[in-house]
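So this block is work.txt, compact mmCIF, N, CA and C atoms:
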# COMPACT_ATOMS: atom_id res chain seq x y z
N MET A 1 -44.66 12.49 25.76
CA MET A 1 -44.49 13.89 26.11
C MET A 1 -45.82 14.60 25.91
N ARG A 2 -46.14 15.44 26.84
CA ARG A 2 -47.39 16.20 26.75
C ARG A 2 -47.06 17.68 26.71
N VAL A 3 -47.61 18.38 25.74
CA VAL A 3 -47.38 19.81 25.58
C VAL A 3 -48.26 20.55 26.59
N THR A 4 -47.68 21.55 27.24
CA THR A 4 -48.45 22.32 28.21
C THR A 4 -49.48 23.20 27.51
N LYS A 5 -50.50 23.55 28.24
CA LYS A 5 -51.56 24.42 27.72
C LYS A 5 -50.98 25.78 27.30
N ARG A 6 -49.99 26.29 28.03
CA ARG A 6 -49.37 27.58 27.69
C ARG A 6 -48.75 27.55 26.30
N THR A 7 -48.06 26.47 25.98
CA THR A 7 -47.42 26.36 24.67
C THR A 7 -48.48 26.26 23.58
N ASP A 8 -49.50 25.48 23.83
CA ASP A 8 -50.60 25.32 22.88
C ASP A 8 -51.24 26.68 22.60
N ILE A 9 -51.53 27.43 23.64
CA ILE A 9 -52.16 28.74 23.47
C ILE A 9 -51.20 29.70 22.78
N ALA A 10 -49.93 29.66 23.14
CA ALA A 10 -48.95 30.55 22.50
C ALA A 10 -48.93 30.34 20.99
N LEU A 11 -48.98 29.10 20.55
CA LEU A 11 -48.99 28.83 19.11
C LEU A 11 -50.30 29.28 18.48
N ARG A 12 -51.41 29.14 19.17
CA ARG A 12 -52.69 29.65 18.65
C ARG A 12 -52.62 31.16 18.45
N VAL A 13 -52.05 31.86 19.43
CA VAL A 13 -51.92 33.32 19.34
C VAL A 13 -51.07 33.70 18.14
N LEU A 14 -49.94 33.04 17.97
CA LEU A 14 -49.05 33.36 16.85
C LEU A 14 -49.71 33.08 15.51
N MET A 15 -50.44 31.96 15.42
CA MET A 15 -51.13 31.65 14.16
C MET A 15 -52.23 32.69 13.89
N PHE A 16 -52.96 33.06 14.92
CA PHE A 16 -54.01 34.07 14.78
C PHE A 16 -53.40 35.38 14.26
N CYS A 17 -52.32 35.80 14.87
CA CYS A 17 -51.68 37.06 14.47
C CYS A 17 -51.13 36.99 13.05
N ALA A 18 -50.66 35.82 12.65
CA ALA A 18 -50.15 35.66 11.28
C ALA A 18 -51.29 35.73 10.27
N ILE A 19 -52.40 35.08 10.57
CA ILE A 19 -53.55 35.09 9.66
C ILE A 19 -54.15 36.51 9.59
N LYS A 20 -54.15 37.21 10.72
CA LYS A 20 -54.78 38.53 10.80
C LYS A 20 -53.78 39.67 10.62
N ARG A 21 -52.62 39.40 10.05
CA ARG A 21 -51.58 40.43 9.86
C ARG A 21 -52.18 41.64 9.16
N GLY A 22 -51.87 42.80 9.69
CA GLY A 22 -52.39 44.04 9.11
C GLY A 22 -53.71 44.49 9.71
N GLU A 23 -54.33 43.65 10.50
CA GLU A 23 -55.59 44.01 11.16
C GLU A 23 -55.32 44.34 12.61
N ARG A 24 -56.26 45.06 13.23
CA ARG A 24 -56.16 45.32 14.67
C ARG A 24 -56.58 44.05 15.41
N ILE A 25 -55.67 43.55 16.22
CA ILE A 25 -55.91 42.29 16.94
C ILE A 25 -55.97 42.59 18.43
N THR A 26 -57.03 42.10 19.06
CA THR A 26 -57.17 42.28 20.50
C THR A 26 -57.12 40.93 21.21
N LYS A 27 -56.77 40.97 22.49
CA LYS A 27 -56.77 39.74 23.28
C LYS A 27 -58.16 39.13 23.31
N SER A 28 -59.18 39.96 23.41
CA SER A 28 -60.54 39.42 23.51
C SER A 28 -60.94 38.69 22.24
N SER A 29 -60.51 39.18 21.07
CA SER A 29 -60.85 38.46 19.83
C SER A 29 -60.15 37.11 19.76
N ILE A 30 -58.91 37.06 20.22
CA ILE A 30 -58.19 35.79 20.24
C ILE A 30 -58.83 34.84 21.25
N ALA A 31 -59.12 35.36 22.44
CA ALA A 31 -59.72 34.53 23.50
C ALA A 31 -61.02 33.90 23.03
N GLN A 32 -61.83 34.68 22.33
CA GLN A 32 -63.12 34.17 21.87
C GLN A 32 -62.94 33.05 20.85
N VAL A 33 -62.13 33.27 19.83
CA VAL A 33 -61.97 32.28 18.77
C VAL A 33 -61.20 31.05 19.25
N CYS A 34 -60.22 31.25 20.11
CA CYS A 34 -59.38 30.15 20.57
C CYS A 34 -59.90 29.48 21.83
N ASN A 35 -61.03 29.97 22.34
CA ASN A 35 -61.69 29.36 23.48
C ASN A 35 -60.77 29.27 24.71
N VAL A 36 -60.20 30.42 25.07
CA VAL A 36 -59.34 30.48 26.25
C VAL A 36 -59.73 31.69 27.09
N SER A 37 -59.37 31.63 28.36
CA SER A 37 -59.65 32.74 29.26
C SER A 37 -58.79 33.95 28.87
N GLU A 38 -59.40 35.11 28.87
CA GLU A 38 -58.67 36.33 28.49
C GLU A 38 -57.56 36.63 29.50
N HIS A 39 -57.79 36.31 30.75
CA HIS A 39 -56.76 36.54 31.78
C HIS A 39 -55.54 35.66 31.51
N HIS A 40 -55.77 34.37 31.30
CA HIS A 40 -54.67 33.44 31.01
C HIS A 40 -53.98 33.84 29.71
N LEU A 41 -54.76 34.21 28.72
CA LEU A 41 -54.22 34.64 27.44
C LEU A 41 -53.31 35.86 27.62
N GLY A 42 -53.71 36.79 28.49
CA GLY A 42 -52.92 37.98 28.74
C GLY A 42 -51.52 37.66 29.23
N GLN A 43 -51.41 36.66 30.10
CA GLN A 43 -50.11 36.24 30.61
C GLN A 43 -49.24 35.68 29.49
N ILE A 44 -49.84 34.91 28.61
CA ILE A 44 -49.11 34.30 27.51
C ILE A 44 -48.70 35.35 26.49
N VAL A 45 -49.60 36.29 26.19
CA VAL A 45 -49.28 37.39 25.27
C VAL A 45 -48.11 38.20 25.83
N ASN A 46 -48.14 38.46 27.12
CA ASN A 46 -47.05 39.19 27.76
C ASN A 46 -45.72 38.44 27.60
N GLN A 47 -45.74 37.13 27.80
CA GLN A 47 -44.53 36.33 27.65
C GLN A 47 -44.05 36.33 26.20
N LEU A 48 -44.98 36.20 25.25
CA LEU A 48 -44.61 36.24 23.83
C LEU A 48 -43.99 37.59 23.46
N ALA A 49 -44.49 38.66 24.05
CA ALA A 49 -43.93 39.98 23.79
C ALA A 49 -42.53 40.10 24.39
N GLN A 50 -42.35 39.60 25.61
CA GLN A 50 -41.03 39.64 26.25
C GLN A 50 -40.01 38.81 25.47
N LEU A 51 -40.46 37.75 24.85
CA LEU A 51 -39.58 36.89 24.06
C LEU A 51 -39.30 37.46 22.67
N GLY A 52 -40.01 38.53 22.30
CA GLY A 52 -39.77 39.18 21.03
C GLY A 52 -40.61 38.67 19.87
N TYR A 53 -41.61 37.84 20.15
CA TYR A 53 -42.48 37.32 19.08
C TYR A 53 -43.62 38.29 18.73
N LEU A 54 -44.06 39.07 19.72
CA LEU A 54 -45.19 39.99 19.52
C LEU A 54 -44.80 41.41 19.88
N ARG A 55 -45.48 42.35 19.22
CA ARG A 55 -45.47 43.76 19.61
C ARG A 55 -46.84 44.03 20.21
N THR A 56 -46.86 44.75 21.31
CA THR A 56 -48.14 45.10 21.92
C THR A 56 -48.23 46.61 22.06
N GLN A 57 -49.46 47.11 21.97
CA GLN A 57 -49.70 48.53 22.15
C GLN A 57 -50.95 48.67 23.00
N ARG A 58 -50.83 49.42 24.08
CA ARG A 58 -51.96 49.64 24.99
C ARG A 58 -52.84 50.77 24.48
N GLY A 59 -54.00 50.85 25.07
CA GLY A 59 -54.89 51.97 24.78
C GLY A 59 -56.03 51.60 23.86
N ARG A 60 -56.85 52.59 23.60
CA ARG A 60 -58.07 52.38 22.81
C ARG A 60 -57.76 51.87 21.40
N LYS A 61 -56.69 52.34 20.83
CA LYS A 61 -56.32 51.89 19.48
C LYS A 61 -55.23 50.83 19.52
N GLY A 62 -55.01 50.27 20.69
CA GLY A 62 -53.96 49.28 20.88
C GLY A 62 -54.31 47.92 20.32
N GLY A 63 -53.39 47.01 20.49
CA GLY A 63 -53.59 45.64 20.03
C GLY A 63 -52.27 44.90 19.97
N LEU A 64 -52.29 43.79 19.27
CA LEU A 64 -51.11 42.93 19.14
C LEU A 64 -50.76 42.77 17.68
N ALA A 65 -49.49 42.45 17.45
CA ALA A 65 -49.03 42.14 16.10
C ALA A 65 -47.77 41.31 16.21
N LEU A 66 -47.51 40.53 15.19
CA LEU A 66 -46.26 39.78 15.16
C LEU A 66 -45.11 40.78 15.09
N ALA A 67 -44.05 40.49 15.82
CA ALA A 67 -42.86 41.33 15.80
C ALA A 67 -41.83 40.81 14.80
N LEU A 68 -42.04 39.60 14.32
CA LEU A 68 -41.13 38.96 13.37
C LEU A 68 -41.92 38.46 12.17
N ALA A 69 -41.22 38.18 11.10
CA ALA A 69 -41.86 37.56 9.94
C ALA A 69 -42.23 36.12 10.27
N GLU A 70 -43.29 35.63 9.66
CA GLU A 70 -43.74 34.25 9.92
C GLU A 70 -42.63 33.24 9.65
N GLU A 71 -41.80 33.51 8.67
CA GLU A 71 -40.71 32.59 8.30
C GLU A 71 -39.65 32.51 9.39
N ASP A 72 -39.57 33.55 10.23
CA ASP A 72 -38.53 33.61 11.26
C ASP A 72 -38.97 33.06 12.61
N ILE A 73 -40.21 32.62 12.70
CA ILE A 73 -40.71 32.05 13.95
C ILE A 73 -40.84 30.55 13.77
N THR A 74 -39.96 29.80 14.45
CA THR A 74 -40.04 28.34 14.34
C THR A 74 -40.79 27.77 15.54
N VAL A 75 -41.50 26.70 15.27
CA VAL A 75 -42.25 26.04 16.34
C VAL A 75 -41.28 25.51 17.39
N GLY A 76 -40.12 25.03 16.96
CA GLY A 76 -39.12 24.53 17.90
C GLY A 76 -38.68 25.59 18.90
N ALA A 77 -38.45 26.81 18.41
CA ALA A 77 -38.03 27.90 19.30
C ALA A 77 -39.13 28.26 20.29
N VAL A 78 -40.37 28.29 19.81
CA VAL A 78 -41.49 28.60 20.70
C VAL A 78 -41.62 27.50 21.76
N PHE A 79 -41.53 26.24 21.33
CA PHE A 79 -41.61 25.14 22.29
C PHE A 79 -40.50 25.23 23.33
N ARG A 80 -39.28 25.50 22.89
CA ARG A 80 -38.17 25.61 23.85
C ARG A 80 -38.44 26.75 24.84
N SER A 81 -38.97 27.86 24.35
CA SER A 81 -39.24 28.99 25.23
C SER A 81 -40.27 28.67 26.30
N PHE A 82 -41.26 27.88 25.93
CA PHE A 82 -42.36 27.60 26.86
C PHE A 82 -42.21 26.26 27.59
N GLU A 83 -41.55 25.29 27.00
CA GLU A 83 -41.49 23.94 27.57
C GLU A 83 -40.18 23.60 28.28
N SER A 84 -39.11 24.32 28.02
CA SER A 84 -37.80 23.90 28.51
C SER A 84 -37.71 23.84 30.03
N LYS A 85 -38.55 24.56 30.73
CA LYS A 85 -38.50 24.55 32.19
C LYS A 85 -39.37 23.43 32.78
N VAL A 86 -40.09 22.73 31.92
CA VAL A 86 -40.96 21.65 32.38
C VAL A 86 -40.23 20.33 32.13
N PRO A 87 -39.76 19.66 33.20
CA PRO A 87 -39.01 18.42 32.99
C PRO A 87 -39.88 17.32 32.39
N ILE A 88 -39.29 16.58 31.45
CA ILE A 88 -40.03 15.51 30.78
C ILE A 88 -40.32 14.35 31.75
N VAL A 89 -39.38 14.11 32.67
CA VAL A 89 -39.58 13.13 33.74
C VAL A 89 -39.00 13.71 35.03
N GLU A 90 -39.37 13.12 36.14
CA GLU A 90 -38.97 13.62 37.46
C GLU A 90 -37.46 13.79 37.61
N CYS A 91 -36.69 12.85 37.11
CA CYS A 91 -35.24 12.89 37.34
C CYS A 91 -34.54 14.03 36.60
N HIS A 92 -35.24 14.69 35.70
CA HIS A 92 -34.66 15.85 35.02
C HIS A 92 -34.69 17.11 35.89
N ASP A 93 -35.42 17.06 36.98
CA ASP A 93 -35.48 18.19 37.89
C ASP A 93 -34.70 17.83 39.15
N MET A 94 -33.46 18.27 39.21
CA MET A 94 -32.59 17.90 40.32
C MET A 94 -33.07 18.40 41.68
N VAL A 95 -33.89 19.43 41.69
CA VAL A 95 -34.39 19.98 42.94
C VAL A 95 -35.46 19.07 43.55
N THR A 96 -36.37 18.57 42.72
CA THR A 96 -37.48 17.76 43.25
C THR A 96 -37.34 16.27 42.98
N ASN A 97 -36.24 15.84 42.40
CA ASN A 97 -36.04 14.43 42.05
C ASN A 97 -36.00 13.55 43.30
N THR A 98 -36.87 12.56 43.32
CA THR A 98 -36.86 11.58 44.42
C THR A 98 -36.68 10.17 43.89
N CYS A 99 -36.36 10.02 42.60
CA CYS A 99 -36.21 8.70 42.01
C CYS A 99 -34.97 8.00 42.57
N PRO A 100 -35.15 6.83 43.12
CA PRO A 100 -34.01 6.11 43.69
C PRO A 100 -33.08 5.51 42.62
N LEU A 101 -33.50 5.52 41.37
CA LEU A 101 -32.70 4.93 40.29
C LEU A 101 -31.81 5.95 39.58
N ALA A 102 -31.95 7.21 39.92
CA ALA A 102 -31.31 8.30 39.17
C ALA A 102 -29.81 8.09 38.94
N ALA A 103 -29.09 7.60 39.92
CA ALA A 103 -27.63 7.45 39.79
C ALA A 103 -27.24 6.38 38.78
N ALA A 104 -28.10 5.40 38.54
CA ALA A 104 -27.75 4.28 37.67
C ALA A 104 -28.61 4.18 36.41
N CYS A 105 -29.59 5.02 36.30
CA CYS A 105 -30.56 4.89 35.22
C CYS A 105 -30.02 5.38 33.88
N ARG A 106 -30.12 4.54 32.88
CA ARG A 106 -29.70 4.91 31.52
C ARG A 106 -30.85 5.47 30.70
N LEU A 107 -32.04 5.35 31.21
CA LEU A 107 -33.21 5.87 30.50
C LEU A 107 -33.13 7.39 30.38
N ARG A 108 -32.57 8.03 31.36
CA ARG A 108 -32.48 9.49 31.36
C ARG A 108 -31.73 10.00 30.12
N THR A 109 -30.64 9.36 29.78
CA THR A 109 -29.86 9.74 28.59
C THR A 109 -30.69 9.56 27.33
N ALA A 110 -31.41 8.46 27.25
CA ALA A 110 -32.26 8.20 26.08
C ALA A 110 -33.37 9.25 25.99
N LEU A 111 -33.94 9.61 27.12
CA LEU A 111 -35.00 10.63 27.12
C LEU A 111 -34.45 12.00 26.76
N ASP A 112 -33.25 12.32 27.22
CA ASP A 112 -32.61 13.59 26.84
C ASP A 112 -32.45 13.66 25.32
N SER A 113 -31.99 12.58 24.75
CA SER A 113 -31.78 12.51 23.31
C SER A 113 -33.10 12.62 22.55
N ALA A 114 -34.11 11.93 23.02
CA ALA A 114 -35.43 11.97 22.37
C ALA A 114 -36.03 13.37 22.45
N GLU A 115 -35.87 14.01 23.59
CA GLU A 115 -36.40 15.37 23.75
C GLU A 115 -35.71 16.33 22.78
N GLU A 116 -34.40 16.22 22.64
CA GLU A 116 -33.68 17.10 21.73
C GLU A 116 -34.08 16.84 20.28
N GLU A 117 -34.30 15.58 19.91
CA GLU A 117 -34.76 15.26 18.55
C GLU A 117 -36.15 15.81 18.31
N PHE A 118 -36.99 15.77 19.33
CA PHE A 118 -38.33 16.34 19.23
C PHE A 118 -38.24 17.83 18.89
N TYR A 119 -37.43 18.57 19.65
CA TYR A 119 -37.27 20.00 19.39
C TYR A 119 -36.65 20.25 18.02
N LYS A 120 -35.66 19.46 17.65
CA LYS A 120 -35.01 19.64 16.34
C LYS A 120 -36.01 19.46 15.21
N SER A 121 -36.89 18.48 15.33
CA SER A 121 -37.89 18.25 14.27
C SER A 121 -38.84 19.44 14.15
N LEU A 122 -39.10 20.11 15.27
CA LEU A 122 -39.98 21.28 15.24
C LEU A 122 -39.25 22.53 14.75
N ASP A 123 -37.92 22.50 14.74
CA ASP A 123 -37.15 23.62 14.21
C ASP A 123 -37.37 23.77 12.70
N ASP A 124 -37.78 22.68 12.05
CA ASP A 124 -38.02 22.70 10.60
C ASP A 124 -39.41 23.24 10.25
N VAL A 125 -40.23 23.50 11.26
CA VAL A 125 -41.59 23.98 11.04
C VAL A 125 -41.64 25.45 11.47
N ASN A 126 -42.00 26.31 10.52
CA ASN A 126 -42.12 27.72 10.90
C ASN A 126 -43.59 28.14 10.82
N LEU A 127 -43.85 29.32 11.34
CA LEU A 127 -45.22 29.83 11.40
C LEU A 127 -45.81 29.97 10.00
N ALA A 128 -44.98 30.36 9.03
CA ALA A 128 -45.45 30.52 7.65
C ALA A 128 -46.00 29.20 7.11
N SER A 129 -45.34 28.08 7.45
CA SER A 129 -45.81 26.79 6.94
C SER A 129 -47.11 26.34 7.61
N LEU A 130 -47.39 26.87 8.80
CA LEU A 130 -48.63 26.52 9.49
C LEU A 130 -49.83 27.30 8.95
N VAL A 131 -49.60 28.53 8.52
CA VAL A 131 -50.72 29.38 8.13
C VAL A 131 -50.82 29.63 6.63
N GLY A 132 -49.72 29.52 5.90
CA GLY A 132 -49.73 29.82 4.47
C GLY A 132 -50.66 28.90 3.69
N GLY A 133 -51.63 29.47 3.02
CA GLY A 133 -52.58 28.69 2.23
C GLY A 133 -53.55 27.87 3.04
N ASN A 134 -53.60 28.07 4.34
CA ASN A 134 -54.48 27.29 5.21
C ASN A 134 -55.85 28.00 5.28
N THR A 135 -56.67 27.75 4.26
CA THR A 135 -57.96 28.43 4.17
C THR A 135 -58.91 28.05 5.29
N GLU A 136 -58.82 26.83 5.76
CA GLU A 136 -59.71 26.41 6.85
C GLU A 136 -59.36 27.17 8.14
N LEU A 137 -58.07 27.35 8.40
CA LEU A 137 -57.66 28.11 9.58
C LEU A 137 -58.11 29.57 9.44
N SER A 138 -57.96 30.12 8.26
CA SER A 138 -58.42 31.50 7.99
C SER A 138 -59.92 31.63 8.24
N ARG A 139 -60.68 30.62 7.82
CA ARG A 139 -62.12 30.64 8.03
C ARG A 139 -62.46 30.61 9.51
N ILE A 140 -61.77 29.77 10.27
CA ILE A 140 -62.02 29.67 11.71
C ILE A 140 -61.69 31.00 12.38
N PHE A 141 -60.56 31.59 12.04
CA PHE A 141 -60.15 32.85 12.65
C PHE A 141 -60.99 34.02 12.18
N SER A 142 -61.65 33.90 11.06
CA SER A 142 -62.52 34.98 10.57
C SER A 142 -63.80 35.08 11.37
N ALA A 143 -64.07 34.10 12.20
CA ALA A 143 -65.27 34.12 13.04
C ALA A 143 -65.19 35.18 14.12
N SER A 144 -64.00 35.79 14.27
CA SER A 144 -63.84 36.80 15.34
C SER A 144 -64.27 38.17 14.88

Have the structure of the file written as structure tokens, please.
Amino acid sequence: MRVTKRTDIALRVLMFCAIKRGERITKSSIAQVCNVSEHHLGQIVNQLAQLGYLRTQRGRKGGLALALAEEDITVGAVFRSFESKVPIVECHDMVTNTCPLAAACRLRTALDSAEEEFYKSLDDVNLASLVGGNTELSRIFSAS
């Protein structure tokens, strides 16, 4: 399984906001430290806000902030929000599936189970456990 760039960036944004809690956070500061395009980052920030993970405020004094406590944001939930529409294999997408084995293949069931176990294992990881006491991450994010 390969994690999409959107999910990777979404988690970087959430970690940045957790480390910088209480500070004014801008998209440009995140883009610079996380080495991502500000335009692409804007789309992800917008999605995180729509999902209820971030609060955003426009204007000169605007910025971003976590909308939830770090303990309430699980990596599994973020992954499901960003990855669930991306099929793990072709046969999981009934619209574009061209696999001739789909009707008889038992691998699909095994992959469904493995995918769910993957998400379940990430449900045990919250944002607080990623950033709490992580001095190296704090140092990296302080470069902004």

Where in range 2-138 of chain A does DSSP assign helix (DSSP H, G or I), given as an MDAnalysis selection string?
chainID A and resid 5:19 27:34 38:50 70:72 75:83 90:92 107:123 127:131 135:138

Near range 118-127 of chain A, 6 Å: range 34-75 of chain A residue rows, closest pairs, only N, CA and C atoms, as JSON lines:
{"residue": "A:Glu70", "atom": "C", "partner": "A:Leu127", "partner_atom": "N", "distance": 4.4}
{"residue": "A:Glu71", "atom": "N", "partner": "A:Leu127", "partner_atom": "N", "distance": 5.4}
{"residue": "A:Ile73", "atom": "C", "partner": "A:Leu127", "partner_atom": "N", "distance": 4.1}
{"residue": "A:Thr74", "atom": "CA", "partner": "A:Asn126", "partner_atom": "CA", "distance": 4.1}
{"residue": "A:Val75", "atom": "N", "partner": "A:Val125", "partner_atom": "C", "distance": 4.0}

As a VMD selection string, which residues of range 35-85 of chain A does DSSP assign to strand (DSSP E or B)?
chain A and resid 54 to 57 63 to 66 74

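What separates atom C of His39 in chain A from CA of Lys27 in chain A is a distance of 9.3 Å.
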
Pick from A:Arg106, A:Arg12, A:Lys5, A:Arg24, whichever lies nearest to Lys61 in chain A using all atoms listed in the file:
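Closest candidate: A:Arg24.
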
Exercise on range 35-48 of chain A, axis-aligned box with 4 Å per side, report centre and edge lengths in Å to one decimal, as AutoDock Vina command-line options:
--center_x -52.8 --center_y 34.2 --center_z 27.1 --size_x 25.7 --size_y 17.9 --size_z 17.4

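As for atom N of Val95 in chain A and CA of Gln50 in chain A, they are spaced 26.4 Å apart.
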
Place a sphere of radius 12 Å on (-51.7, 35.0, 31.6) in the file coordinates and name every protein, DNA or RNA residue with an atom inside or on its surface, counting only C-alpha atoms; give the answer as a ChimeraX atom specification.
/A:5-7,9-10,27,31,36-48
